[in-house]
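This is input15.cif. It holds mmCIF, C-alpha atoms and all ligand atoms.
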data_structure
loop_
_atom_site.label_atom_id
_atom_site.label_comp_id
_atom_site.auth_asym_id
_atom_site.auth_seq_id
_atom_site.Cartn_x
_atom_site.Cartn_y
_atom_site.Cartn_z
CA MET K 121 57.50 87.14 165.85
CA VAL K 122 59.77 84.32 167.01
CA ASN K 123 59.54 83.94 170.76
CA ASN K 124 61.18 80.67 171.66
CA ASN K 125 64.06 82.20 173.62
CA SER K 126 63.01 81.77 177.25
CA ASP K 127 64.75 84.90 178.59
CA LEU K 128 63.79 87.72 176.29
CA ALA K 129 66.72 90.10 175.87
CA THR K 130 65.63 93.47 177.22
CA THR K 131 67.19 96.91 176.88
CA THR K 132 65.89 99.49 179.33
CA GLY K 133 66.32 103.17 178.49
CA SER K 134 65.34 106.12 180.75
CA ASN K 135 61.64 105.79 180.02
CA MET K 136 61.30 102.89 177.62
CA SER K 137 61.91 99.16 177.50
CA VAL K 138 62.63 97.44 174.21
CA GLU K 139 62.21 93.72 173.94
CA TYR K 140 64.29 91.52 171.67
CA ASP K 141 63.96 87.87 170.80
CA TYR K 142 67.75 87.40 170.94
CA ASP K 143 70.79 89.52 171.62
CA VAL K 144 72.22 88.57 168.22
CA VAL K 145 70.74 87.30 164.97
CA ILE K 146 73.13 86.02 162.31
CA ILE K 147 72.07 85.70 158.68
CA GLY K 148 74.02 82.79 157.18
CA GLY K 149 75.55 79.78 158.95
CA GLY K 150 78.63 79.23 156.74
CA PRO K 151 82.18 79.45 158.15
CA ALA K 152 81.76 83.15 159.00
CA GLY K 153 78.30 82.99 160.60
CA SER K 154 78.85 79.75 162.51
CA THR K 155 82.14 81.03 163.91
CA VAL K 156 80.50 84.26 165.12
CA ALA K 157 77.73 82.11 166.63
CA ARG K 158 80.20 79.85 168.47
CA TYR K 159 82.12 82.71 170.09
CA VAL K 160 78.97 84.64 170.98
CA ALA K 161 77.13 81.63 172.42
CA GLN K 162 80.06 80.35 174.48
CA SER K 163 80.02 83.64 176.38
CA GLY K 164 76.40 83.16 177.36
CA VAL K 165 74.95 85.72 174.94
CA SER K 166 71.74 84.60 173.18
CA VAL K 167 72.14 84.04 169.43
CA ILE K 168 70.21 82.55 166.53
CA VAL K 169 71.53 81.74 163.06
CA VAL K 170 69.06 81.91 160.17
CA ASP K 171 70.04 80.17 156.93
CA SER K 172 68.11 79.67 153.70
CA ARG K 173 69.63 76.24 153.12
CA GLU K 174 67.93 73.15 154.53
CA SER K 175 71.35 71.65 155.22
CA ILE K 176 74.13 74.17 155.80
CA GLY K 177 77.15 73.46 153.58
CA SER K 178 75.16 71.64 150.87
CA PRO K 179 75.39 71.69 147.95
CA LEU K 180 79.19 71.96 147.75
CA GLN K 181 80.52 75.26 146.35
CA CYS K 182 84.26 75.05 146.94
CA GLY K 183 87.73 74.00 145.83
CA GLU K 184 88.11 72.63 149.40
CA LEU K 185 91.72 73.62 150.11
CA VAL K 186 92.77 75.27 153.38
CA PRO K 187 96.20 75.66 154.97
CA THR K 188 96.95 73.56 158.07
CA ASN K 189 97.01 75.37 161.42
CA ASP K 190 100.83 75.47 161.29
CA GLU K 191 100.76 76.95 157.77
CA MET K 192 98.17 79.50 158.96
CA ARG K 193 100.54 80.55 161.77
CA ARG K 194 103.19 81.27 159.11
CA LEU K 195 100.79 83.00 156.69
CA CYS K 196 98.96 85.16 159.24
CA PRO K 197 101.50 85.69 162.05
CA ASN K 198 99.41 88.30 163.89
CA VAL K 199 96.40 86.03 164.36
CA PRO K 200 96.49 84.48 167.86
CA ASP K 201 95.49 81.00 169.02
CA MET K 202 94.84 79.24 165.71
CA ASP K 203 94.19 75.91 167.46
CA ASP K 204 91.19 77.31 169.31
CA LEU K 205 89.77 78.73 166.08
CA PHE K 206 90.42 75.87 163.63
CA LYS K 207 89.26 72.58 165.12
CA THR K 208 88.91 70.69 161.84
CA PRO K 209 87.80 67.12 162.65
CA GLU K 210 89.50 64.20 160.87
CA SER K 211 86.16 63.34 159.23
CA ALA K 212 86.30 66.68 157.37
CA ILE K 213 89.82 66.08 156.01
CA SER K 214 90.06 64.21 152.73
CA LYS K 215 93.80 64.54 152.12
CA ARG K 216 96.88 66.20 153.60
CA THR K 217 99.30 67.80 151.19
CA GLU K 218 102.84 69.15 151.57
CA ILE K 219 103.57 70.43 148.07
CA MET K 220 101.96 73.12 145.98
CA LYS K 221 102.84 73.28 142.28
CA ILE K 222 102.43 76.52 140.38
CA ILE K 223 102.04 75.63 136.73
CA THR K 224 102.59 77.86 133.70
CA PRO K 225 100.61 77.77 130.44
CA SER K 226 103.34 75.58 128.88
CA GLY K 227 103.00 73.07 131.73
CA LYS K 228 106.26 74.01 133.50
CA SER K 229 105.92 73.46 137.23
CA LEU K 230 107.44 75.38 140.14
CA GLU K 231 107.23 73.47 143.43
CA PHE K 232 106.76 74.98 146.89
CA ASP K 233 106.45 73.61 150.40
CA PHE K 234 102.86 74.11 151.48
CA GLU K 235 101.07 72.26 154.28
CA GLY K 236 97.43 72.06 153.25
CA LEU K 237 94.25 70.15 153.96
CA VAL K 238 91.96 69.18 151.12
CA LEU K 239 88.64 69.11 152.92
CA ASN K 240 85.34 67.37 152.71
CA ARG K 241 83.87 70.85 152.75
CA VAL K 242 80.31 69.75 153.44
CA ALA K 243 81.45 67.84 156.56
CA HIS K 244 83.67 70.80 157.51
CA ASP K 245 80.77 73.27 157.51
CA GLU K 246 78.50 70.81 159.31
CA ALA K 247 81.15 70.48 162.03
CA LEU K 248 81.25 74.27 162.46
CA VAL K 249 77.46 74.30 162.92
CA GLU K 250 77.80 71.50 165.50
CA LEU K 251 80.47 73.44 167.46
CA ALA K 252 78.24 76.52 167.56
CA LYS K 253 75.22 74.47 168.65
CA GLN K 254 77.26 72.81 171.41
CA ALA K 255 78.19 76.31 172.62
CA GLY K 256 74.48 77.16 172.83
CA ALA K 257 73.63 78.79 169.48
CA GLU K 258 70.19 78.16 167.97
CA TYR K 259 69.74 77.50 164.24
CA LYS K 260 66.77 78.10 161.97
CA VAL K 261 67.32 76.50 158.55
CA GLY K 262 65.33 76.65 155.33
CA CYS K 263 64.52 80.29 156.10
CA PHE K 264 65.39 82.93 153.51
CA VAL K 265 65.84 86.46 154.91
CA ASN K 266 64.36 88.97 152.52
CA LYS K 267 64.29 92.19 154.54
CA ILE K 268 66.07 93.89 157.41
CA GLU K 269 64.58 96.94 159.09
CA GLY K 270 65.90 98.56 162.24
CA ASN K 271 66.41 95.72 164.72
CA SER K 272 64.22 93.28 162.81
CA VAL K 273 65.08 90.51 160.38
CA PHE K 274 62.17 89.35 158.21
CA ILE K 275 61.97 85.83 156.85
CA ARG K 276 60.18 85.09 153.58
CA ASN K 277 57.51 83.07 155.45
CA GLY K 278 56.48 86.23 157.30
CA GLU K 279 58.33 85.64 160.58
CA GLU K 280 60.17 88.50 162.24
CA ILE K 281 63.15 88.17 164.61
CA ARG K 282 64.24 91.14 166.70
CA ALA K 283 67.80 91.39 168.00
CA LYS K 284 70.18 94.01 169.37
CA VAL K 285 72.85 93.15 166.81
CA ILE K 286 72.28 91.86 163.27
CA VAL K 287 75.16 90.06 161.58
CA GLY K 288 75.31 89.74 157.78
CA ALA K 289 77.18 86.50 157.09
CA GLY K 290 75.22 85.59 153.98
CA GLY K 291 78.20 85.38 151.61
CA HIS K 292 78.79 87.44 148.48
CA ASN K 293 75.05 88.22 148.09
CA ASP K 294 74.35 89.00 151.73
CA PRO K 295 71.07 90.88 152.34
CA VAL K 296 72.52 93.23 155.01
CA ARG K 297 75.37 94.24 152.70
CA ARG K 298 72.95 94.78 149.77
CA ALA K 299 70.52 96.86 151.84
CA PHE K 300 72.90 99.12 153.76
CA TRP K 301 76.27 99.27 151.97
CA LYS K 302 76.83 101.10 148.68
CA GLU K 303 80.40 99.86 148.15
CA LYS K 304 80.72 97.34 145.31
CA SER K 305 83.02 94.31 145.18
CA THR K 306 84.27 92.52 142.09
CA ASN K 307 82.81 89.01 142.21
CA ILE K 308 84.48 86.50 139.96
CA PRO K 309 82.49 83.52 138.65
CA VAL K 310 83.90 80.09 139.46
CA LYS K 311 83.16 76.57 138.15
CA PHE K 312 84.47 73.25 139.35
CA SER K 313 84.04 69.53 139.07
CA LEU K 314 84.69 66.54 141.33
CA LYS K 315 86.42 63.86 139.26
CA GLU K 316 87.23 60.23 139.89
CA GLY K 317 90.81 58.97 139.55
CA ASP K 318 94.25 59.18 141.14
CA TYR K 319 95.82 62.64 141.00
CA GLY K 320 98.89 62.24 143.22
CA ASP K 321 99.58 64.23 146.37
CA ALA K 322 100.46 67.79 145.29
CA VAL K 323 97.94 70.60 144.92
CA GLU K 324 98.21 72.58 141.67
CA LEU K 325 97.52 76.21 140.78
CA HIS K 326 97.60 77.12 137.08
CA PHE K 327 97.99 80.63 135.71
CA GLY K 328 97.57 81.89 132.14
CA SER K 329 94.98 81.97 129.36
CA MET K 330 93.37 78.74 130.65
CA ALA K 331 91.85 80.98 133.41
CA PRO K 332 91.84 84.57 132.09
CA GLY K 333 92.44 87.05 134.94
CA GLY K 334 92.09 84.34 137.59
CA TYR K 335 93.53 80.90 138.19
CA ALA K 336 92.71 77.25 137.79
CA TRP K 337 93.21 74.50 140.38
CA MET K 338 93.52 70.77 140.78
CA PHE K 339 93.31 69.67 144.41
CA PRO K 340 93.67 65.88 144.87
CA LYS K 341 91.36 64.19 147.37
CA SER K 342 91.64 60.79 149.08
CA SER K 343 89.74 59.56 146.06
CA GLY K 344 89.56 61.73 142.93
CA ALA K 345 90.11 65.47 142.80
CA ASN K 346 88.42 68.85 142.92
CA ILE K 347 89.23 70.68 139.66
CA GLY K 348 88.05 74.13 138.67
CA LEU K 349 88.77 77.74 137.84
CA GLY K 350 87.70 81.34 138.28
CA ILE K 351 88.02 84.09 135.69
CA GLN K 352 87.61 87.84 135.33
CA LYS K 353 85.00 88.20 132.58
CA ASN K 354 86.61 91.30 131.06
CA PHE K 355 89.77 89.24 130.44
CA SER K 356 88.07 86.39 128.61
CA LYS K 357 87.63 88.01 125.17
CA GLY K 358 83.99 86.94 124.92
CA LYS K 359 84.68 83.24 125.65
CA SER K 360 82.15 81.88 128.14
CA LEU K 361 83.09 80.55 131.57
CA ASN K 362 81.39 77.24 130.70
CA ILE K 363 83.68 76.66 127.73
CA ILE K 364 86.82 77.86 129.54
CA ALA K 365 86.05 75.60 132.52
CA LYS K 366 85.22 72.60 130.34
CA ASP K 367 88.48 73.00 128.38
CA PHE K 368 90.51 72.94 131.60
CA ILE K 369 88.59 70.24 133.47
CA ASP K 370 88.52 67.92 130.43
CA LYS K 371 92.33 67.88 130.37
CA TYR K 372 92.16 65.58 133.37
CA ASP K 373 91.00 62.01 132.74
CA GLY K 374 88.27 60.61 134.94
CA THR K 375 84.51 60.82 135.16
CA SER K 376 82.93 63.90 136.75
CA THR K 377 80.74 62.96 139.70
CA PHE K 378 79.60 66.46 140.65
CA ASN K 379 79.63 69.87 138.95
CA GLY K 380 79.36 73.09 140.90
CA ALA K 381 79.62 76.83 140.51
CA GLY K 382 79.74 79.95 142.62
CA SER K 383 81.10 83.42 142.96
CA LEU K 384 84.12 84.77 144.83
CA PRO K 385 84.57 88.37 145.98
CA MET K 386 87.99 89.40 144.72
CA SER K 387 88.39 93.06 145.71
CA GLY K 388 89.49 92.26 149.26
CA THR K 389 87.83 93.70 152.34
CA ILE K 390 85.45 96.65 152.13
CA LYS K 391 86.18 99.84 154.10
CA LYS K 392 83.70 99.42 156.98
CA PHE K 393 82.33 96.21 158.48
CA VAL K 394 80.02 97.96 160.96
CA LYS K 395 77.13 100.38 160.54
CA GLY K 396 75.08 101.06 163.68
CA ASN K 397 73.94 97.64 164.92
CA TYR K 398 74.72 95.91 161.59
CA VAL K 399 77.92 93.87 161.31
CA LEU K 400 79.32 92.16 158.19
CA VAL K 401 81.66 89.18 158.25
CA GLY K 402 83.17 86.70 155.77
CA ASP K 403 82.50 87.03 152.04
CA SER K 404 79.90 89.74 152.71
CA ALA K 405 82.74 91.94 154.02
CA GLY K 406 85.12 90.84 151.22
CA MET K 407 87.20 88.61 153.51
CA VAL K 408 88.75 86.58 150.69
CA LEU K 409 92.46 86.91 149.92
CA PRO K 410 92.37 87.91 146.25
CA SER K 411 95.82 86.59 145.38
CA ASN K 412 94.89 82.99 146.23
CA GLY K 413 91.10 82.83 146.70
CA ALA K 414 91.34 81.73 150.35
CA GLY K 415 88.07 82.54 152.06
CA ILE K 416 87.21 79.80 154.55
CA THR K 417 89.92 80.42 157.14
CA ILE K 418 89.78 84.18 156.61
CA ALA K 419 86.00 84.22 157.20
CA MET K 420 86.62 82.33 160.44
CA ILE K 421 89.31 84.77 161.60
CA GLY K 422 86.84 87.61 160.98
CA GLY K 423 84.07 85.59 162.63
CA ARG K 424 86.00 85.10 165.86
CA ILE K 425 86.88 88.80 166.14
CA ALA K 426 83.30 89.85 165.36
CA GLY K 427 81.91 87.37 167.90
CA GLN K 428 84.27 88.47 170.67
CA VAL K 429 83.56 92.17 170.09
CA ILE K 430 79.78 91.59 169.92
CA VAL K 431 79.97 89.87 173.33
CA GLN K 432 81.81 92.86 174.79
CA HIS K 433 79.29 95.18 173.14
CA ILE K 434 76.33 93.37 174.67
CA LYS K 435 77.91 92.93 178.11
CA ASN K 436 80.06 96.05 178.51
CA ASP K 437 78.86 98.45 175.82
CA MET K 438 82.07 98.19 173.77
CA ASN K 439 81.80 100.03 170.46
CA LEU K 440 81.20 97.52 167.65
CA SER K 441 83.77 99.30 165.49
CA GLU K 442 86.49 97.75 167.72
CA TYR K 443 85.97 94.75 165.43
CA GLU K 444 87.43 96.71 162.50
CA LYS K 445 90.42 97.82 164.58
CA ILE K 446 91.25 94.32 165.78
CA TRP K 447 90.81 92.93 162.26
CA LYS K 448 93.33 95.49 160.96
CA LYS K 449 95.85 94.49 163.64
CA GLN K 450 95.49 90.79 162.89
CA MET K 451 94.89 90.76 159.13
CA GLY K 452 95.47 94.28 157.75
CA ARG K 453 98.97 93.66 156.41
CA VAL K 454 98.15 90.25 154.90
CA MET K 455 95.05 91.63 153.14
CA LEU K 456 96.92 94.69 151.85
CA ASN K 457 99.71 92.54 150.41
CA SER K 458 97.19 90.20 148.83
CA LYS K 459 95.28 93.09 147.20
CA ARG K 460 98.54 94.49 145.79
CA SER K 461 99.62 91.12 144.44
CA PHE K 462 96.23 90.64 142.80
CA LYS K 463 96.47 94.07 141.13
CA ILE K 464 99.95 93.31 139.79
CA GLY K 465 98.80 89.84 138.77
CA SER K 466 95.82 91.32 136.92
CA ILE K 467 98.22 93.39 134.81
CA MET K 468 100.53 90.42 134.22
CA PHE K 469 97.70 88.10 133.26
CA ARG K 470 96.89 90.31 130.29
CA LEU K 471 100.24 89.22 128.88
CA PRO K 472 100.32 86.46 126.27
CA ASP K 473 101.09 82.95 127.50
CA TRP K 474 104.60 82.90 125.99
CA MET K 475 105.56 85.90 128.14
CA LEU K 476 104.10 84.29 131.27
CA ASN K 477 106.07 81.14 130.48
CA LEU K 478 109.21 83.25 130.46
CA PHE K 479 108.28 85.15 133.62
CA PHE K 480 107.65 82.03 135.72
CA ASN K 481 111.21 80.80 136.23
CA ARG K 482 113.71 79.90 138.94
CA LEU K 483 114.77 83.53 139.37
CA THR K 484 111.21 84.80 139.93
CA LYS K 485 110.11 81.76 141.93
CA ALA K 486 110.46 83.47 145.32
CA ILE K 487 108.55 86.58 144.16
CA ILE K 488 105.70 84.47 142.81
CA TRP K 489 105.45 82.56 146.07
CA ARG K 490 105.48 85.76 148.11
CA ALA K 491 102.59 87.05 145.97
CA VAL K 492 100.51 83.89 146.32
CA THR K 493 101.11 83.73 150.08
CA CYS K 494 100.28 87.44 150.65
CA ARG K 495 103.73 88.68 151.59
CA ARG K 496 105.30 91.79 150.11
CA MET K 497 106.23 90.79 146.57
CA PHE K 498 109.40 92.82 146.28
CA TRP K 499 110.33 93.24 149.95
CA ILE K 500 109.85 97.04 149.56
CA ILE K 501 106.24 97.28 148.29
C1 LIG E 601 83.61 77.56 143.70
C2 LIG E 601 84.32 78.12 144.90
C3 LIG E 601 85.53 77.56 145.28
C4 LIG E 601 86.17 78.03 146.47
N1 LIG E 601 87.29 77.41 146.87
C5 LIG E 601 87.86 77.77 148.06
C6 LIG E 601 88.97 77.06 148.57
O1 LIG E 601 89.45 76.10 147.98
N2 LIG E 601 89.49 77.47 149.76
C7 LIG E 601 88.99 78.54 150.46
O2 LIG E 601 89.51 78.88 151.53
N3 LIG E 601 87.92 79.23 149.98
C8 LIG E 601 87.34 78.86 148.83
N4 LIG E 601 86.24 79.53 148.37
C9 LIG E 601 85.73 80.66 149.16
C10 LIG E 601 84.92 80.20 150.36
O3 LIG E 601 84.00 79.20 149.98
C11 LIG E 601 84.20 81.40 150.97
O4 LIG E 601 85.10 82.46 151.15
C12 LIG E 601 83.57 81.02 152.33
O5 LIG E 601 82.58 80.03 152.15
C13 LIG E 601 82.99 82.25 152.99
O6 LIG E 601 82.22 81.89 154.10
P1 LIG E 601 80.91 82.74 154.49
O7 LIG E 601 80.40 82.11 155.73
O8 LIG E 601 81.24 84.17 154.47
O9 LIG E 601 79.88 82.53 153.29
P2 LIG E 601 79.18 81.21 152.76
O10 LIG E 601 80.00 80.02 152.98
O11 LIG E 601 78.78 81.54 151.36
O12 LIG E 601 77.87 81.06 153.65
C14 LIG E 601 76.81 81.96 153.53
C15 LIG E 601 75.55 81.30 154.06
O13 LIG E 601 74.52 82.29 154.09
C16 LIG E 601 73.32 81.74 153.63
N5 LIG E 601 72.50 82.82 153.07
C17 LIG E 601 72.83 83.63 152.04
N6 LIG E 601 71.86 84.54 151.82
C18 LIG E 601 70.89 84.28 152.73
C19 LIG E 601 69.62 84.87 153.00
N7 LIG E 601 69.16 85.91 152.30
N8 LIG E 601 68.89 84.37 154.01
C20 LIG E 601 69.34 83.31 154.74
N9 LIG E 601 70.54 82.72 154.53
C21 LIG E 601 71.30 83.21 153.53
C22 LIG E 601 73.74 80.69 152.61
O14 LIG E 601 72.75 79.67 152.47
C23 LIG E 601 75.04 80.15 153.21
O15 LIG E 601 74.84 79.02 154.00
C24 LIG E 601 85.59 79.11 147.20
C25 LIG E 601 84.40 79.68 146.78
C26 LIG E 601 83.76 79.20 145.64
C27 LIG E 601 82.47 79.83 145.21
#
When written as C-alpha cells, how does the structure in this file appear?
Ligand SMILES: Cc1cc2nc3c(=O)[nH]c(=O)nc-3n(C[C@H](O)[C@H](O)[C@H](O)COP(=O)(O)OP(=O)(O)OC[C@H]3O[C@@H](n4cnc5c(N)ncnc54)[C@H](O)[C@@H]3O)c2cc1C
Amino acid sequence: MVNNNSDLATTTGSNMSVEYDYDVVIIGGGPAGSTVARYVAQSGVSVIVVDSRESIGSPLQCGELVPTNDEMRRLCPNVPDMDDLFKTPESAISKRTEIMKIITPSGKSLEFDFEGLVLNRVAHDEALVELAKQAGAEYKVGCFVNKIEGNSVFIRNGEEIRAKVIVGAGGHNDPVRRAFWKEKSTNIPVKFSLKEGDYGDAVELHFGSMAPGGYAWMFPKSSGANIGLGIQKNFSKGKSLNIIAKDFIDKYDGTSTFNGAGSLPMSGTIKKFVKGNYVLVGDSAGMVLPSNGAGITIAMIGGRIAGQVIVQHIKNDMNLSEYEKIWKKQMGRVMLNSKRSFKIGSIMFRLPDWMLNLFFNRLTKAIIWRAVTCRRMFWII
C-alpha cells in the first residue's frame, strides 16, 4: 500500500475508523484528470494522479486545435471564468488562426470567423500537469491501473492506493468506466499525420466520402500541419481506415514526420458521471462534442466542476451528484445541440458526394456553422 502522504486521510464512523492514503485518487493525468487534480489540490485536499504513461501527453494523439478563450466564451456561454480554467502558455501554442474553412467533396470552401489555437499538444498537457503539481497534486507515472475495488485502486505492479473518492479520467478506455458502467459509447477510430510544409493560416474541416460518417482536418502549425480524419466504420463500405486516411493525407504535399492514431467517443456524454464514490470525467464520461470532435476544452470544463464538487464533498459532505447538475447547467444545452447535429449529420453523410456539394452552399452556410458550433441548427430544434 502506498503510504507517502504524511497526513493519512481518516474517516471516523460511530465505531470504526477507516484510513486512506489520499482523499482522492485520479486515474489518468490528461486534460480531464490534471484539471480535477489542480482544483482539488488548490483547496488543500490530498490527491494523487496515477498514469500509465511515463511522460503524460506523449506520444501525441491529437489534431491539436482548440478555440481561444474568447471563442470558448461565445461557444459555451454558461461556463464561467474561462481565463482561470484555460491558462495555455505561449510555449504550448504553435499557431493562432482566425478562419475556419469548411470544404465540400468537390473542394468548394465556405469560410467562417473562428478564433483558434493550434497547439503543441504535448507541451499543453505537460503544462496542465505542472499547474496541478504547483497546486500540490502528487503524480505517479508509468503505473497502469488494472483493478478497482471498493475504495482501492490496484496498480499492475501490485501496489494498492486507498482513497475516499476515485476519479476515472483514463480516456475512452477508462478502467472505472469499464468496471462499473454498462452504458456503451460509439468510439470512432482516428488517424493523423504531422507533415512538413507551408499550409497557410486557415484551419480546414472536410466533409464527404473522404471521411465516411466523420470528418477530415488540416490544421496548419507554425511549421507544417496536423492532417487527419475520423470515420464511422459502418459508413466506410469495407474500405479500411488506413487506406481512407492515406488517400486524404497524401493529397497534401510534404513529408510526414509523425503518424498517430486514436479513438474518439462520439455519442456525447453518458447519463450518469457518478456512482457511489466513483466519478468519471473527460472522454471516459463522453465529454467530446460529437459535431466537431472537441474534447480537450470540454474535458477541462468537466474536470473543474468535478474537482470543485469533490472538494465540497470531502470538506462539507456535498453529494457528488451535484457535479452532474452543475455540468448540465453549464454544458447541457451545448452538448444536446451537438448530439442532435451529429445525428442529422450522420444521416446527411450517407448521401452521395454530389448531393453534399449541392447542400453546402451560401444559403445553408449559417445552418452548417450552427451545427459545427453546437447551436440549434434550425433555431427551433
Ligand atoms: C487522433 C485524435 C485527434 C483529436 N483531436 C482533437 C482536437 O483537435 N481538439 C480537441 O479538442 N480534441 C481532440 N481530440 C480529443 C481529445 O484528445 C480528448 O477528448 C482529450 O484528450 C480527453 O482528455 P482526457 O483527459 O479525458 O483523456 P486523455 O487525454 O486520453 O488522457 C487519459 C490518460 O489516462 C491514462 N490512462 C488510461 N488508462 C489508464 C490506466 N488503466 N491506468 C493508468 N492510466 C491510464 C492515459 O495514459 C492518459 O494519459 C482528439 C482525439 C484523438 C484520438
Shell around K:Glu280 at 12 Å using only C-alpha atoms, local window under 2 positions removed, as a ChimeraX atom specification: /K:121-123,140-142,145,170,263-278,282-283
Name all residues at most 8 Å from K:Glu444 (count all atoms listed in the file; drop same-chain ones fewer than 2 positions away) and give them as a list in words. Lys392, Phe393, Val394, Ser441, Glu442, Ile446, Trp447 and Lys448 of chain K
Residues up to 7 Å from ligand LIG 601 (chain E), counting all atoms listed in the file: could you list those as a PyMOL selection string? chain K and resi 147-153+170-173+176-177+181-186+263-266+289-295+310-312+380-384+401-404+407-408+413-417+419
Please list, as a VMD selection string, the residues that have an atom at most 12 Å away from (85.9, 74.4, 133.4) in the coordinates of this file, counting all atoms listed in the file. chain K and resid 309 to 314 330 to 332 335 to 338 346 to 351 359 to 372 376 379 to 381
Resulting file, chosen residues, C-alpha atoms, as a compact mmCIF listing (two decimals), keeping the file's coordinate frame:
# COMPACT_ATOMS: atom_id res chain seq x y z
CA PRO K 309 82.49 83.52 138.65
CA VAL K 310 83.90 80.09 139.46
CA LYS K 311 83.16 76.57 138.15
CA PHE K 312 84.47 73.25 139.35
CA SER K 313 84.04 69.53 139.07
CA LEU K 314 84.69 66.54 141.33
CA MET K 330 93.37 78.74 130.65
CA ALA K 331 91.85 80.98 133.41
CA PRO K 332 91.84 84.57 132.09
CA TYR K 335 93.53 80.90 138.19
CA ALA K 336 92.71 77.25 137.79
CA TRP K 337 93.21 74.50 140.38
CA MET K 338 93.52 70.77 140.78
CA ASN K 346 88.42 68.85 142.92
CA ILE K 347 89.23 70.68 139.66
CA GLY K 348 88.05 74.13 138.67
CA LEU K 349 88.77 77.74 137.84
CA GLY K 350 87.70 81.34 138.28
CA ILE K 351 88.02 84.09 135.69
CA LYS K 359 84.68 83.24 125.65
CA SER K 360 82.15 81.88 128.14
CA LEU K 361 83.09 80.55 131.57
CA ASN K 362 81.39 77.24 130.70
CA ILE K 363 83.68 76.66 127.73
CA ILE K 364 86.82 77.86 129.54
CA ALA K 365 86.05 75.60 132.52
CA LYS K 366 85.22 72.60 130.34
CA ASP K 367 88.48 73.00 128.38
CA PHE K 368 90.51 72.94 131.60
CA ILE K 369 88.59 70.24 133.47
CA ASP K 370 88.52 67.92 130.43
CA LYS K 371 92.33 67.88 130.37
CA TYR K 372 92.16 65.58 133.37
CA SER K 376 82.93 63.90 136.75
CA ASN K 379 79.63 69.87 138.95
CA GLY K 380 79.36 73.09 140.90
CA ALA K 381 79.62 76.83 140.51
Within 12 Å of K:Ser466 using all atoms listed in the file, minus same-chain residues under 5 positions, as a ChimeraX atom specification: /K:327-328,331-335,351-352,354-355,386-387,410-411,459-461,471
What is the distance, in Å and to one decimal place, between atom CA of K:Ala243 and atom CA of K:Asp318?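 The value is 21.8 Å.
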Where is the centre and how long are the edges: axis-aligned box on stretch 226-243 of chain K, 6 Å on each side, Å to one decimal, as AutoDock Vina command-line options:
--center_x 93.9 --center_y 71.5 --center_z 142.7 --size_x 39.1 --size_y 20.2 --size_z 39.7
Min atom-atom distance to K:Ser214 from the set K:Gly317, K:Ala247, K:Leu237, K:Val242, counting all atoms listed in the file, belongs to K:Leu237
With all atoms listed in the file as the atoms that count, which of K:Ala157, K:Ala257, K:Leu478, K:Cys494 lies nearest to K:Gly227?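 For K:Gly227, the nearest of the given residues is K:Leu478.
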Gap from atom CA of K:Ile467 to atom CA of K:Thr306 - Å, one decimal: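 Rounded to one decimal, the two atoms are 15.8 Å apart.
Distance-wise, atom CA of K:Met220 and atom CA of K:Phe378 end up 23.9 Å apart.
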Minimum-distance residue to K:Glu218, chosen among K:Pro187, K:Asn436, K:Ile488, K:Arg482 (using all atoms listed in the file):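 Going through K:Pro187, K:Asn436, K:Ile488, K:Arg482 one by one, the smallest distance to K:Glu218 is for K:Pro187.
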Surrounding residues of K:Pro340 excluding itself and chain neighbours under 6 positions, 8 Å, all atoms listed in the file, as a list of chain:residue names: K:Lys215, K:Val238, K:Asp318, K:Tyr319, K:Gly320, K:Asp321, K:Ala322, K:Val323, K:Asn346
Which residue is closest to K:Arg495? Choose from K:Arg194, K:Lys353, K:Lys315, K:Lys304 and count all atoms listed in the file. K:Arg194
Would you mind listing what lies within 8 Å of K:Val165 as a list in words, with all atoms listed in the file counted and same-chain residues fewer than 5 positions away left out? Asp143, Val144, Val160, Val431 and Ile434 of chain K
Quick one: of K:Ala255, K:Leu239, K:Val285, K:Ile418, who's nearest to K:Ser211, counting all atoms listed in the file? K:Leu239
Compute the distance from (103.3, 73.7, 151.8) to each atom, counting all atoms listed in the file, keep the residues with any atom at most 9 Å away, and return them as an MDAnalysis selection string; use the coordinates of the file. chainID K and resid 187:188 191 217:220 232:236
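Of the residues listed (K:Val261, K:Lys357, K:Arg424, K:Arg158), K:Arg424 shows the shortest atom-to-atom separation from K:Met202; distances use all atoms listed in the file.
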